[in-house]
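Student: For reference, the file run.tsv (TSV, C-alpha atoms) is included below:
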```
chain	number	residue	atom	x	y	z
A	24	MET	CA	2.82	-86.09	28.15
A	25	MET	CA	5.06	-83.84	30.16
A	26	GLU	CA	8.52	-83.48	28.68
A	27	PRO	CA	11.50	-82.47	30.80
A	28	GLU	CA	13.93	-79.87	29.52
A	29	ASN	CA	16.54	-82.47	28.63
A	30	GLY	CA	13.97	-84.28	26.40
A	31	SER	CA	14.82	-87.66	27.85
A	32	VAL	CA	12.04	-89.47	25.98
A	33	ALA	CA	13.43	-91.06	22.81
A	34	VAL	CA	11.78	-89.72	19.64
A	35	PRO	CA	10.67	-93.10	18.20
A	36	ASP	CA	9.28	-94.05	21.59
A	37	ARG	CA	7.37	-90.78	21.86
A	38	PHE	CA	5.96	-91.17	18.34
A	39	GLU	CA	4.88	-94.74	18.96
A	40	LYS	CA	3.09	-93.82	22.17
A	41	ILE	CA	1.29	-90.77	20.79
A	42	GLN	CA	0.25	-92.59	17.63
A	43	ALA	CA	-1.10	-95.52	19.66
A	44	LEU	CA	-3.21	-93.17	21.77
A	45	LEU	CA	-4.54	-91.26	18.74
A	46	GLU	CA	-5.50	-94.47	16.99
A	47	LYS	CA	-7.70	-95.31	19.94
A	48	GLY	CA	-9.38	-91.92	19.86
A	49	TYR	CA	-7.54	-90.16	22.67
A	50	THR	CA	-6.51	-86.52	22.67
A	51	VAL	CA	-2.84	-86.08	23.51
A	52	THR	CA	-1.03	-82.97	24.63
A	53	ARG	CA	2.72	-82.87	24.55
A	54	ALA	CA	3.73	-80.22	27.05
A	55	THR	CA	7.22	-78.77	27.18
A	56	PRO	CA	8.69	-76.27	29.64
A	57	ASP	CA	8.47	-73.33	27.21
A	58	GLY	CA	5.72	-74.51	24.89
A	59	THR	CA	2.12	-73.34	24.63
A	60	THR	CA	-0.78	-75.75	24.44
A	61	SER	CA	-4.53	-75.34	24.68
A	62	PRO	CA	-6.02	-74.59	28.06
A	63	ASN	CA	-7.37	-77.55	29.93
A	64	ALA	CA	-10.83	-78.49	28.71
A	65	ARG	CA	-11.96	-79.69	32.12
A	66	THR	CA	-11.65	-83.35	31.33
A	67	SER	CA	-10.00	-86.14	33.22
A	68	MET	CA	-6.33	-86.54	32.40
A	69	LEU	CA	-3.59	-89.07	32.50
A	70	VAL	CA	-0.34	-87.17	33.03
A	71	VAL	CA	2.70	-89.11	31.91
A	72	GLY	CA	6.12	-87.70	32.67
A	73	ASP	CA	9.55	-88.01	34.12
A	74	PHE	CA	9.00	-87.12	37.76
A	75	ALA	CA	11.54	-86.16	40.38
A	76	GLY	CA	12.91	-89.22	42.08
A	77	GLY	CA	10.93	-91.41	39.66
A	78	ARG	CA	7.88	-91.03	41.85
A	79	PRO	CA	4.69	-89.67	40.26
A	80	PRO	CA	2.51	-87.38	42.40
A	81	THR	CA	-0.56	-88.77	44.08
A	82	ASP	CA	-3.65	-89.00	41.87
A	83	LEU	CA	-6.20	-86.20	42.21
A	84	GLU	CA	-9.97	-86.18	42.02
A	85	SER	CA	-12.19	-83.15	42.09
A	86	GLU	CA	-15.73	-82.44	40.90
A	87	GLY	CA	-15.89	-85.73	39.07
A	88	LEU	CA	-12.67	-85.11	37.20
A	89	GLU	CA	-9.61	-87.22	37.71
A	90	VAL	CA	-5.93	-86.58	37.20
A	91	ARG	CA	-3.73	-89.65	37.32
A	92	PHE	CA	0.05	-89.60	37.11
A	93	GLU	CA	2.31	-92.23	35.61
A	94	ASP	CA	6.08	-92.47	35.31
A	95	GLU	CA	6.81	-92.41	31.59
A	96	SER	CA	9.93	-94.54	31.81
A	97	THR	CA	8.03	-97.53	33.16
A	98	LEU	CA	5.47	-97.68	30.32
A	99	ASP	CA	5.80	-98.80	26.74
A	100	ALA	CA	3.10	-97.89	24.19
A	101	ALA	CA	0.93	-100.90	25.05
A	102	GLY	CA	1.23	-100.21	28.76
A	103	LEU	CA	0.35	-96.56	28.31
A	104	LEU	CA	-2.68	-97.47	26.23
A	105	ALA	CA	-3.82	-99.94	28.87
A	106	LYS	CA	-3.60	-97.23	31.53
A	107	ALA	CA	-5.61	-94.82	29.36
A	108	GLU	CA	-8.25	-97.41	28.56
A	109	ALA	CA	-8.63	-98.39	32.18
A	110	MET	CA	-9.17	-94.74	33.06
A	111	GLN	CA	-11.73	-94.31	30.29
A	112	SER	CA	-13.70	-97.40	31.24
A	113	ASP	CA	-13.85	-96.08	34.78
A	114	SER	CA	-15.33	-92.76	33.75
A	115	SER	CA	-17.19	-93.12	30.49
A	116	THR	CA	-19.21	-95.53	28.42
A	117	PHE	CA	-18.46	-93.71	25.20
A	118	LYS	CA	-16.23	-95.61	22.83
A	119	HIS	CA	-14.37	-93.82	20.09
A	120	GLY	CA	-14.82	-95.15	16.60
A	121	ASP	CA	-18.29	-96.58	17.17
A	122	TRP	CA	-19.59	-94.16	14.57
A	123	LYS	CA	-17.75	-92.88	11.52
A	124	PRO	CA	-18.08	-89.11	11.80
A	125	TRP	CA	-19.85	-88.58	8.49
A	126	PHE	CA	-22.22	-85.64	8.43
A	127	PRO	CA	-22.81	-82.46	6.42
A	128	VAL	CA	-20.96	-79.29	7.34
A	129	ILE	CA	-22.61	-76.13	6.05
A	130	ASP	CA	-20.49	-73.32	4.62
A	131	TYR	CA	-22.60	-70.34	5.66
A	132	ASP	CA	-20.45	-68.07	3.54
A	133	ARG	CA	-22.06	-69.77	0.55
A	134	CYS	CA	-25.43	-70.98	1.85
A	135	THR	CA	-28.42	-68.97	0.56
A	136	ASN	CA	-30.90	-70.74	2.83
A	137	CYS	CA	-32.81	-72.11	-0.15
A	138	MET	CA	-33.88	-75.22	1.81
A	139	GLN	CA	-33.15	-77.63	-1.02
A	140	CYS	CA	-31.14	-79.81	1.34
A	141	LEU	CA	-33.92	-79.89	3.91
A	142	SER	CA	-36.43	-80.74	1.24
A	143	PHE	CA	-34.22	-83.45	-0.20
A	144	CYS	CA	-33.00	-85.34	2.85
A	145	LEU	CA	-35.30	-88.17	3.90
A	146	PHE	CA	-33.47	-88.89	7.11
A	147	GLY	CA	-34.21	-85.74	9.10
A	148	VAL	CA	-30.60	-84.56	9.22
A	149	TYR	CA	-31.55	-80.95	8.53
A	150	GLY	CA	-33.84	-78.54	10.30
A	151	VAL	CA	-34.16	-74.82	10.88
A	152	ASP	CA	-33.27	-72.71	13.88
A	153	ASP	CA	-35.51	-70.17	15.56
A	154	GLY	CA	-34.68	-67.68	12.82
A	155	ASP	CA	-35.61	-70.18	10.08
A	156	ARG	CA	-32.00	-70.59	9.09
A	157	ILE	CA	-31.01	-74.03	7.83
A	158	GLN	CA	-28.91	-76.08	10.20
A	159	VAL	CA	-27.69	-79.60	10.77
A	160	GLN	CA	-29.82	-80.94	13.59
A	161	ASN	CA	-29.35	-84.70	13.62
A	162	ASN	CA	-25.91	-85.47	12.32
A	163	ASP	CA	-26.00	-89.06	13.53
A	164	GLN	CA	-28.93	-89.79	11.21
A	165	CYS	CA	-26.78	-89.05	8.16
A	166	LYS	CA	-26.04	-92.08	6.01
A	167	THR	CA	-22.33	-92.88	6.03
A	168	ASN	CA	-20.57	-92.11	2.75
A	169	CYS	CA	-23.70	-90.60	1.19
A	170	PRO	CA	-23.03	-87.08	-0.14
A	171	ALA	CA	-26.36	-86.81	-1.99
A	172	CYS	CA	-27.56	-83.62	-0.28
A	173	SER	CA	-24.37	-81.82	-1.27
A	174	ARG	CA	-25.21	-82.71	-4.88
A	175	VAL	CA	-28.52	-80.88	-4.72
A	176	CYS	CA	-27.05	-77.73	-3.16
A	177	PRO	CA	-26.95	-75.12	-5.93
A	178	GLU	CA	-24.17	-73.18	-4.15
A	179	ALA	CA	-21.90	-76.12	-3.27
A	180	ALA	CA	-22.29	-75.00	0.33
A	181	ILE	CA	-22.52	-78.47	1.83
A	182	MET	CA	-19.28	-80.20	2.70
A	183	PHE	CA	-18.44	-83.67	3.87
A	184	PRO	CA	-14.83	-83.26	5.06
A	185	LYS	CA	-14.12	-86.96	4.68
A	186	TYR	CA	-15.36	-87.09	1.08
A	187	LYS	CA	-12.84	-88.10	-1.56
A	188	SER	CA	-12.92	-85.04	-3.83
A	189	GLY	CA	-13.63	-81.35	-4.03
A	190	PRO	CA	-15.45	-79.18	-3.52
A	191	ILE	CA	-17.52	-81.50	-1.30
A	192	ASN	CA	-14.43	-82.29	0.79
A	193	GLY	CA	-13.98	-78.60	1.64
A	194	ASP	CA	-11.69	-77.68	-1.22
A	195	GLN	CA	-12.27	-74.25	-2.74
A	196	VAL	CA	-15.32	-73.93	-4.97
A	197	ALA	CA	-14.51	-72.98	-8.56
A	198	SER	CA	-17.03	-71.72	-11.11
A	199	LYS	CA	-16.70	-75.01	-12.99
A	200	ASP	CA	-17.77	-76.81	-9.81
A	201	LEU	CA	-20.94	-74.76	-9.67
A	202	GLN	CA	-21.69	-75.58	-13.28
A	203	ARG	CA	-21.10	-79.27	-12.59
A	204	GLU	CA	-23.33	-79.22	-9.54
A	205	LYS	CA	-26.06	-77.51	-11.51
A	206	MET	CA	-25.76	-80.12	-14.21
A	207	LYS	CA	-26.25	-82.83	-11.64
A	208	ILE	CA	-29.41	-81.18	-10.42
A	209	ASP	CA	-30.65	-81.00	-13.96
A	210	ILE	CA	-29.92	-84.67	-14.45
A	211	SER	CA	-31.75	-85.39	-11.25
A	212	ALA	CA	-34.71	-83.32	-12.46
A	213	LEU	CA	-34.74	-85.21	-15.74
A	214	LEU	CA	-34.82	-88.44	-13.83
A	215	GLY	CA	-38.00	-87.36	-12.13
A	216	GLY	CA	-37.54	-84.54	-9.65
A	217	ASP	CA	-35.03	-86.15	-7.39
A	218	VAL	CA	-33.49	-89.52	-6.92
A	219	TYR	CA	-36.04	-90.50	-4.34
A	220	ASP	CA	-38.86	-89.55	-6.64
A	221	LEU	CA	-37.28	-91.74	-9.25
A	222	LEU	CA	-36.93	-94.58	-6.83
A	223	ARG	CA	-40.51	-94.23	-5.73
A	224	THR	CA	-41.85	-94.08	-9.27
A	225	ARG	CA	-39.80	-96.99	-10.43
A	226	SER	CA	-40.74	-99.02	-7.39
A	227	GLU	CA	-44.41	-98.32	-7.82
A	228	LYS	CA	-44.31	-99.26	-11.48
A	229	ALA	CA	-42.40	-102.35	-10.63
A	230	LYS	CA	-44.81	-103.23	-7.83
A	231	SER	CA	-47.77	-102.89	-10.14
A	232	ARG	CA	-46.19	-104.86	-12.94
A	233	PHE	CA	-44.76	-107.59	-10.79
A	234	SER	CA	-47.85	-107.98	-8.71
A	235	LYS	CA	-49.49	-109.14	-11.89
A	236	GLU	CA	-46.61	-111.35	-12.78
A	237	ARG	CA	-46.32	-112.54	-9.16
A	238	SER	CA	-42.56	-112.77	-9.44
A	239	PRO	CA	-40.71	-111.46	-6.39
A	240	ASP	CA	-37.39	-112.28	-8.01
A	241	LYS	CA	-38.15	-110.04	-10.94
A	242	ALA	CA	-39.29	-107.27	-8.65
A	243	LEU	CA	-36.07	-107.49	-6.71
A	244	SER	CA	-34.06	-107.51	-9.89
A	245	GLU	CA	-35.85	-104.38	-11.10
A	246	ARG	CA	-35.24	-102.63	-7.79
A	247	MET	CA	-31.59	-103.57	-7.88
A	248	LYS	CA	-31.27	-102.25	-11.43
A	249	CYS	CA	-32.82	-98.98	-10.39
A	250	LEU	CA	-30.64	-98.67	-7.33
A	251	THR	CA	-27.50	-99.39	-9.31
A	252	LYS	CA	-28.42	-96.69	-11.80
A	253	LEU	CA	-29.01	-94.22	-8.99
A	254	ALA	CA	-25.79	-95.16	-7.31
A	255	ASP	CA	-23.91	-94.56	-10.53
A	256	SER	CA	-25.58	-91.26	-11.35
A	257	GLY	CA	-25.72	-89.74	-7.90
A	258	ASP	CA	-22.64	-91.16	-6.22
A	259	ILE	CA	-24.88	-92.64	-3.57
A	260	PRO	CA	-23.59	-95.80	-1.93
A	261	PRO	CA	-25.77	-98.79	-2.92
A	262	GLU	CA	-26.07	-99.81	0.71
A	263	VAL	CA	-27.70	-96.46	1.48
A	264	LEU	CA	-30.23	-96.90	-1.27
A	265	MET	CA	-30.87	-100.49	-0.24
A	266	SER	CA	-31.63	-99.33	3.27
A	267	LEU	CA	-34.33	-96.93	2.13
A	268	PRO	CA	-37.77	-97.60	3.58
A	269	SER	CA	-40.81	-98.71	1.61
A	270	PRO	CA	-42.04	-96.51	-1.23
A	271	ASP	CA	-44.98	-95.37	0.92
A	272	GLU	CA	-42.67	-94.39	3.75
A	273	ILE	CA	-40.36	-92.59	1.31
A	274	GLN	CA	-43.34	-90.65	0.02
A	275	ARG	CA	-44.41	-89.74	3.53
A	276	ARG	CA	-40.94	-88.58	4.58
A	277	ALA	CA	-40.38	-86.70	1.34
A	278	GLY	CA	-43.70	-84.89	1.86
A	279	GLU	CA	-42.79	-84.08	5.44
A	280	ALA	CA	-39.35	-82.72	4.49
A	281	LYS	CA	-40.79	-80.70	1.65
A	282	GLN	CA	-43.43	-79.25	3.95
A	283	LYS	CA	-40.81	-78.25	6.53
A	284	ALA	CA	-38.80	-76.49	3.84
A	285	GLU	CA	-41.86	-74.72	2.43
A	286	ASP	CA	-42.95	-73.57	5.88
A	287	ALA	CA	-39.49	-72.18	6.62
A	288	LEU	CA	-39.33	-70.37	3.29
A	289	LYS	CA	-42.80	-68.95	3.83
A	290	ARG	CA	-41.86	-67.60	7.26
A	291	GLN	CA	-38.69	-66.14	5.75
A	292	GLN	CA	-40.73	-64.27	3.16
A	293	GLU	CA	-43.19	-63.03	5.78
A	294	ASN	CA	-40.36	-61.72	7.93
A	295	ALA	CA	-38.47	-60.14	5.04
N	19	MET	CA	1.89	-62.75	6.76
N	20	SER	CA	2.39	-61.81	10.37
N	21	GLU	CA	5.10	-62.47	12.90
N	22	SER	CA	4.57	-65.52	14.99
N	23	LYS	CA	4.14	-64.87	18.67
N	24	PRO	CA	5.90	-67.15	21.11
N	25	ASP	CA	2.56	-68.52	22.26
N	26	THR	CA	1.56	-69.91	18.86
N	27	ARG	CA	-0.05	-73.25	19.48
N	28	ILE	CA	0.09	-76.32	17.23
N	29	LEU	CA	-2.87	-78.62	16.73
N	30	TYR	CA	-2.50	-81.89	14.82
N	31	CYS	CA	-5.52	-83.90	13.60
N	32	HIS	CA	-4.93	-87.61	13.01
N	33	CYS	CA	-8.13	-87.96	10.92
N	34	GLN	CA	-8.46	-91.38	12.48
N	35	TYR	CA	-11.83	-92.43	11.08
N	36	ALA	CA	-11.23	-92.06	7.35
N	37	GLN	CA	-8.42	-92.78	4.94
N	38	VAL	CA	-8.51	-89.38	3.25
N	39	ILE	CA	-5.13	-88.10	4.44
N	40	PRO	CA	-2.24	-90.20	3.11
N	41	SER	CA	-1.04	-92.31	6.01
N	42	GLU	CA	2.61	-91.59	5.19
N	43	VAL	CA	1.93	-87.85	5.42
N	44	LYS	CA	0.20	-88.20	8.78
N	45	ALA	CA	2.99	-90.39	10.12
N	46	SER	CA	5.76	-88.10	8.86
N	47	VAL	CA	4.11	-84.97	10.27
N	48	LEU	CA	3.55	-86.61	13.64
N	49	GLN	CA	7.10	-87.97	13.68
N	50	GLY	CA	8.40	-84.50	12.82
N	51	LEU	CA	6.45	-82.98	15.67
N	52	CYS	CA	7.69	-85.62	18.08
N	53	ALA	CA	11.27	-84.95	16.99
N	54	SER	CA	10.92	-81.19	17.39
N	55	PRO	CA	11.18	-79.44	20.73
N	56	LYS	CA	7.72	-77.92	20.28
N	57	ALA	CA	4.69	-78.47	22.43
N	58	PHE	CA	1.53	-79.51	20.62
N	59	ASP	CA	-1.99	-80.82	20.98
N	60	ALA	CA	-2.95	-83.88	18.94
N	61	VAL	CA	-6.51	-85.08	18.44
N	62	ALA	CA	-7.76	-88.31	16.95
N	63	ASP	CA	-10.36	-86.77	14.66
N	64	LEU	CA	-11.66	-83.21	14.55
N	65	CYS	CA	-14.79	-84.32	12.67
N	66	GLU	CA	-15.74	-86.65	15.49
N	67	MET	CA	-15.13	-83.94	18.07
N	68	ALA	CA	-17.24	-81.48	16.07
N	69	ALA	CA	-20.05	-84.00	15.69
N	70	ARG	CA	-20.13	-84.54	19.45
N	71	GLN	CA	-19.64	-80.84	20.12
N	72	ASP	CA	-16.78	-81.87	22.33
N	73	PRO	CA	-16.12	-79.04	24.80
N	74	ALA	CA	-12.41	-79.53	24.19
N	75	LEU	CA	-12.87	-77.80	20.82
N	76	LYS	CA	-13.49	-74.55	22.64
N	77	SER	CA	-10.15	-74.91	24.34
N	78	LEU	CA	-8.50	-75.75	21.04
N	79	SER	CA	-10.01	-72.68	19.36
N	80	HIS	CA	-9.06	-70.55	22.35
N	81	ASP	CA	-8.06	-67.08	21.32
N	82	GLY	CA	-4.48	-66.73	20.23
N	83	PRO	CA	-2.42	-67.81	17.26
N	84	VAL	CA	-2.76	-71.44	16.23
N	85	LYS	CA	-1.44	-73.58	13.40
N	86	ILE	CA	-3.64	-76.55	12.57
N	87	ALA	CA	-2.36	-79.55	10.60
N	88	ALA	CA	-5.53	-81.12	9.25
N	89	CYS	CA	-7.36	-80.80	5.91
N	90	PHE	CA	-8.96	-78.00	3.88
N	91	PRO	CA	-9.18	-74.59	5.59
N	92	ARG	CA	-12.82	-74.15	4.51
N	93	ALA	CA	-13.80	-77.45	6.14
N	94	ILE	CA	-11.88	-76.65	9.32
N	95	LYS	CA	-13.45	-73.19	9.59
N	96	TRP	CA	-16.99	-74.56	9.47
N	97	LEU	CA	-16.31	-77.67	11.56
N	98	PHE	CA	-15.25	-75.45	14.45
N	99	ALA	CA	-18.04	-72.93	13.82
N	100	GLY	CA	-20.59	-75.74	13.74
N	101	ALA	CA	-19.37	-76.92	17.13
N	102	LYS	CA	-19.83	-73.43	18.62
N	103	ALA	CA	-16.07	-72.96	18.81
N	104	PRO	CA	-15.31	-70.53	15.99
N	105	LEU	CA	-11.69	-69.95	15.07
N	106	ASN	CA	-10.16	-66.51	14.90
N	107	ARG	CA	-9.55	-65.82	11.22
N	108	GLU	CA	-6.75	-63.38	11.91
N	109	SER	CA	-4.64	-65.82	13.88
N	110	THR	CA	-5.32	-69.26	12.41
N	111	GLU	CA	-3.27	-71.02	9.78
N	112	VAL	CA	-4.47	-74.38	8.48
N	113	LEU	CA	-1.98	-76.78	6.91
N	114	ASN	CA	-3.71	-79.15	4.54
N	115	MET	CA	-2.28	-82.66	4.85
N	116	ARG	CA	-4.57	-83.89	2.07
N	117	GLU	CA	-2.68	-81.85	-0.49
N	118	ALA	CA	0.64	-80.71	0.95
N	119	SER	CA	3.62	-82.94	1.53
N	120	ALA	CA	4.79	-83.74	5.05
N	121	GLN	CA	7.87	-81.59	4.46
N	122	GLU	CA	5.74	-78.61	3.47
N	123	VAL	CA	3.47	-79.02	6.48
N	124	LEU	CA	6.38	-79.39	8.89
N	125	ALA	CA	8.14	-76.39	7.40
N	126	ARG	CA	5.08	-74.25	8.11
N	127	LEU	CA	4.67	-75.69	11.61
N	128	GLU	CA	8.28	-74.84	12.34
N	129	ALA	CA	8.18	-71.40	10.72
N	130	ALA	CA	8.38	-68.37	12.96
N	131	ASP	CA	5.62	-66.50	11.14
N	132	ILE	CA	1.94	-67.31	10.88
N	133	GLN	CA	0.04	-67.06	7.58
N	134	PRO	CA	-3.69	-66.84	8.34
N	135	ASN	CA	-5.63	-68.64	5.61
N	136	LEU	CA	-9.18	-69.31	6.77
N	137	PRO	CA	-11.71	-68.18	4.11
N	138	GLU	CA	-12.99	-64.67	4.57
N	139	ASP	CA	-16.40	-64.17	6.11
N	140	HIS	CA	-18.92	-63.22	3.46
N	141	ARG	CA	-22.02	-63.04	5.60
N	142	PRO	CA	-22.71	-61.74	9.09
N	143	PRO	CA	-22.79	-64.44	11.74
N	144	GLN	CA	-26.14	-66.15	12.04
N	145	ALA	CA	-27.60	-68.08	14.89
N	146	ALA	CA	-27.52	-71.18	12.72
N	147	GLU	CA	-23.75	-71.04	12.49
N	148	ALA	CA	-23.77	-72.70	15.82
N	149	PRO	CA	-26.09	-75.61	15.07
N	150	ASN	CA	-27.35	-77.84	17.76
N	151	PRO	CA	-26.84	-81.39	16.63
N	152	SER	CA	-28.49	-84.30	18.33
N	153	PRO	CA	-26.84	-85.09	21.62
N	154	LYS	CA	-23.89	-87.43	21.44
N	155	PRO	CA	-22.36	-89.24	24.34
N	156	GLN	CA	-19.67	-87.06	25.81
N	157	ASP	CA	-16.28	-88.49	26.46
N	158	GLU	CA	-14.98	-87.22	29.73
N	159	SER	CA	-12.04	-89.48	30.15
N	160	HIS	CA	-9.34	-87.41	28.53
```
What does the file become when written as structure tokens?

Tutor:
Amino acid sequence: MMEPENGSVAVPDRFEKIQALLEKGYTVTRATPDGTTSPNARTSMLVVGDFAGGRPPTDLESEGLEVRFEDESTLDAAGLLAKAEAMQSDSSTFKHGDWKPWFPVIDYDRCTNCMQCLSFCLFGVYGVDDGDRIQVQNNDQCKTNCPACSRVCPEAAIMFPKYKSGPINGDQVASKDLQREKMKIDISALLGGDVYDLLRTRSEKAKSRFSKERSPDKALSERMKCLTKLADSGDIPPEVLMSLPSPDEIQRRAGEAKQKAEDALKRQQENA
Amino acid sequence: MSESKPDTRILYCHCQYAQVIPSEVKASVLQGLCASPKAFDAVADLCEMAARQDPALKSLSHDGPVKIAACFPRAIKWLFAGAKAPLNRESTEVLNMREASAQEVLARLEAADIQPNLPEDHRPPQAAEAPNPSPKPQDESH
């Protein structure tokens, strides 16, 4: 939005328009005659302003990028949004908000590259780079609202910025946080190595017992009980646990993840 | 504390895809920015941009002083680093809308000085600090 020196756009109007655009996922720059904003990121733009004579310049197109101009005074928030959406549908199939941006962010100031997260995650979110350093490789495979991997990190180095509380949300890590995280790992170990181990063990026991009893309802009830307990102890959303694959598949993925972590650690030691 | 240069930029994150920043704080900060004579960049959600490795992040982290109204400085530091757009620690001030009031955030955005507050680097940069997430569809419309 280009603002003239006399600031002719009313403040409530400006707020309403910018908020409407942000809520639909758009990036907005408010440019003023003396202000500094970020350099253009080589994306298509809708330039809205108060143009001389009330006539916006002719639209531009170059190297697949478009710049369209609109007279600000003729558009209310809904009209501006409609113009932006029309421009987006012309140039992109990506829709903002299709995916809640939930994924781990590694604090490399704290990370010791112990590979616990890689070993723990069953969904292939983590991997290692060419130097065998842990990294987030498949952030879209992360399970929304599940912070479980941050719970197994002994250094509290894994953040989920949209998590409700610290230090997982990015707040500073205090010594008491490290103690608490360690306690959670211990609890997890007591439960049987990790929560997935527990799930697998419980499921296998249940499968064996209920196959004799031939009662699918009981088996489901047992699984639900186990999942609820895990959800309570590990802060893992029940829907994430319910979406876990079969016990055999869990075992296969856990083995694969563990192997990846062991291989990376081995290479680290060899290169040390 | 250092003196603010005239080219200090302002970046506002609307944290659109989670309810972790109080909505009244977001609204008041945005209203305050709209009422001020300052230029600013506003993004829907820095997390989403980082996840998609949106090239616009590189422009937003462009060298030069910047004040960012978003969430925790530690999270912001590593979100940008993870998207291969590291912020300059010496010239970045992050205002945390999860904890500060709108008045406090606006006062810092309006202030002439800049108070860099990204966490200090404890380890030398590693290749993995610029991870390569799975490709996401790129938005080229704006």

Student: Counting all atoms listed in the file, which residues of chain A fall within 7 Å of chain N, and what is the closest atom pair for each with its distance in Å at one decimal, ordered by chain and rising number, as a tab-separated table?

Tutor:
```
residue	atom	partner	partner_atom	distance
A:Val34	CA	N:Ala53	CA	5.5
A:Arg37	CA	N:Cys52	CA	6.4
A:Phe38	CA	N:Gln49	CA	5.8
A:Leu45	CA	N:Ala62	CA	4.7
A:Glu46	CA	N:Gln34	CA	6.2
A:Gly48	CA	N:Ala62	CA	4.9
A:Tyr49	CA	N:Ala62	CA	6.0
A:Thr50	CA	N:Val61	CA	4.5
A:Val51	CA	N:Ala60	CA	5.1
A:Thr52	CA	N:Asp59	CA	4.3
A:Arg53	CA	N:Ala57	CA	5.3
A:Ala54	CA	N:Ala57	CA	5.0
A:Thr55	CA	N:Ala57	CA	5.4
A:Gly58	CA	N:Ala57	CA	4.8
A:Thr59	CA	N:Asp25	CA	5.4
A:Thr60	CA	N:Arg27	CA	5.6
A:Ser61	CA	N:Leu78	CA	5.4
A:Pro62	CA	N:Ser77	CA	5.6
A:Asn63	CA	N:Ser77	CA	6.8
A:Ala64	CA	N:Ala74	CA	4.9
A:Thr66	CA	N:Glu158	CA	5.4
A:Ser67	CA	N:His160	CA	4.9
A:Met68	CA	N:His160	CA	5.0
A:Met110	CA	N:Ser159	CA	6.7
A:Gln111	CA	N:Ser159	CA	4.8
A:Ser114	CA	N:Ser159	CA	5.9
A:Ser115	CA	N:Asp157	CA	6.2
A:Phe117	CA	N:Asp157	CA	5.8
A:Gly120	CA	N:Tyr35	CA	6.8
A:Lys123	CA	N:Tyr35	CA	6.0
A:Pro124	CA	N:Glu66	CA	5.0
A:Val128	CA	N:Leu97	CA	6.5
A:Ile129	CA	N:Trp96	CA	6.8
A:Asp130	CA	N:Trp96	CA	6.1
A:Tyr131	CA	N:Glu147	CA	7.0
A:Asp132	CA	N:His140	CA	5.1
A:Asp152	CA	N:Ala146	CA	6.1
A:Arg156	CA	N:Ala146	CA	5.8
A:Ile157	CA	N:Ala146	CA	6.6
A:Gln158	CA	N:Pro149	CA	5.6
A:Val159	CA	N:Pro149	CA	6.1
A:Gln160	CA	N:Pro151	CA	4.3
A:Asn161	CA	N:Ser152	CA	4.8
A:Asn162	CA	N:Pro151	CA	6.0
A:Pro184	CA	N:Ala93	CA	6.0
A:Lys185	CA	N:Val38	CA	6.3
A:Lys187	CA	N:Val38	CA	6.6
A:Gly193	CA	N:Ala93	CA	4.6
A:Asp194	CA	N:Phe90	CA	5.8
```

Student: Quick one: pull the distance between atom CA of A:Ala105 and atom CA of A:Glu89, Å, one decimal.

Tutor: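 Atom-to-atom, atom CA of A:Ala105 and atom CA of A:Glu89 are spaced 16.5 Å apart.
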
Student: Would you mind listing what lies within 12 Å of A:Lys283 as a PyMOL selection string, with only C-alpha atoms counted and same-chain residues fewer than 3 positions away left out?

Tutor: chain A and resi 138-145+147+149-152+155-157+276-280+286-290

Student: What does the structure give for the distance between atom CA of A:Pro177 and atom CA of A:Arg133, in Å to one decimal?

Tutor: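 Between atom CA of A:Pro177 and atom CA of A:Arg133 the gap works out to 9.7 Å.
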
Student: Between N:Asn135, N:Ser119, N:Thr110, N:Gln71, which one has atoms that come closest to N:Ile86, using only C-alpha atoms?

Tutor: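 Under the stated criterion, the closest residue is N:Thr110.
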
Student: Mind pulling up the distance from atom CA of A:Gln164 to atom CA of A:Gln202?

Tutor: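 Atom CA of A:Gln202 sits 29.2 Å away from atom CA of A:Gln164.
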
Student: Compile the contact shell of N:Val47 as a ChimeraX atom specification: residues with an atom at most 10 Å away, counting only C-alpha atoms, same-chain residues fewer than 6 positions apart removed.

Tutor: /N:30,32,41,53,87,115,119-125,127

Student: Using all atoms listed in the file, find the one residue out of N:Pro83, N:Val43, N:Arg126, N:Asp131 that sits nearest to N:Arg107.

Tutor: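 Looking at the shortest contact to N:Arg107, the residue is N:Pro83.
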
Student: What's the 9 Å shell around stretch 74-78 of chain A, counting all atoms listed in the file, without same-chain residues fewer than 5 positions away, as an NGL selection string?

Tutor: :A and (27 or 93-96)

Student: Mind completing stretch 31-35 of chain N with N, CA and C atoms? Output as an mmCIF file, in the frame of the given file, please?

Tutor:
```cif
data_model
loop_
_atom_site.group_PDB
_atom_site.id
_atom_site.type_symbol
_atom_site.label_atom_id
_atom_site.label_comp_id
_atom_site.auth_asym_id
_atom_site.auth_seq_id
_atom_site.Cartn_x
_atom_site.Cartn_y
_atom_site.Cartn_z
ATOM 1 N N CYS N 31 -4.356 -82.995 13.680
ATOM 2 C CA CYS N 31 -5.520 -83.900 13.600
ATOM 3 C C CYS N 31 -5.082 -85.188 12.908
ATOM 4 N N HIS N 32 -5.348 -86.308 13.543
ATOM 5 C CA HIS N 32 -4.930 -87.610 13.010
ATOM 6 C C HIS N 32 -5.954 -88.186 12.018
ATOM 7 N N CYS N 33 -7.073 -87.515 11.854
ATOM 8 C CA CYS N 33 -8.130 -87.960 10.920
ATOM 9 C C CYS N 33 -8.279 -89.489 11.005
ATOM 10 N N GLN N 34 -8.536 -89.955 12.190
ATOM 11 C CA GLN N 34 -8.460 -91.380 12.480
ATOM 12 C C GLN N 34 -9.534 -92.203 11.761
ATOM 13 N N TYR N 35 -10.701 -91.602 11.520
ATOM 14 C CA TYR N 35 -11.830 -92.430 11.080
ATOM 15 C C TYR N 35 -12.101 -92.371 9.589
#
```
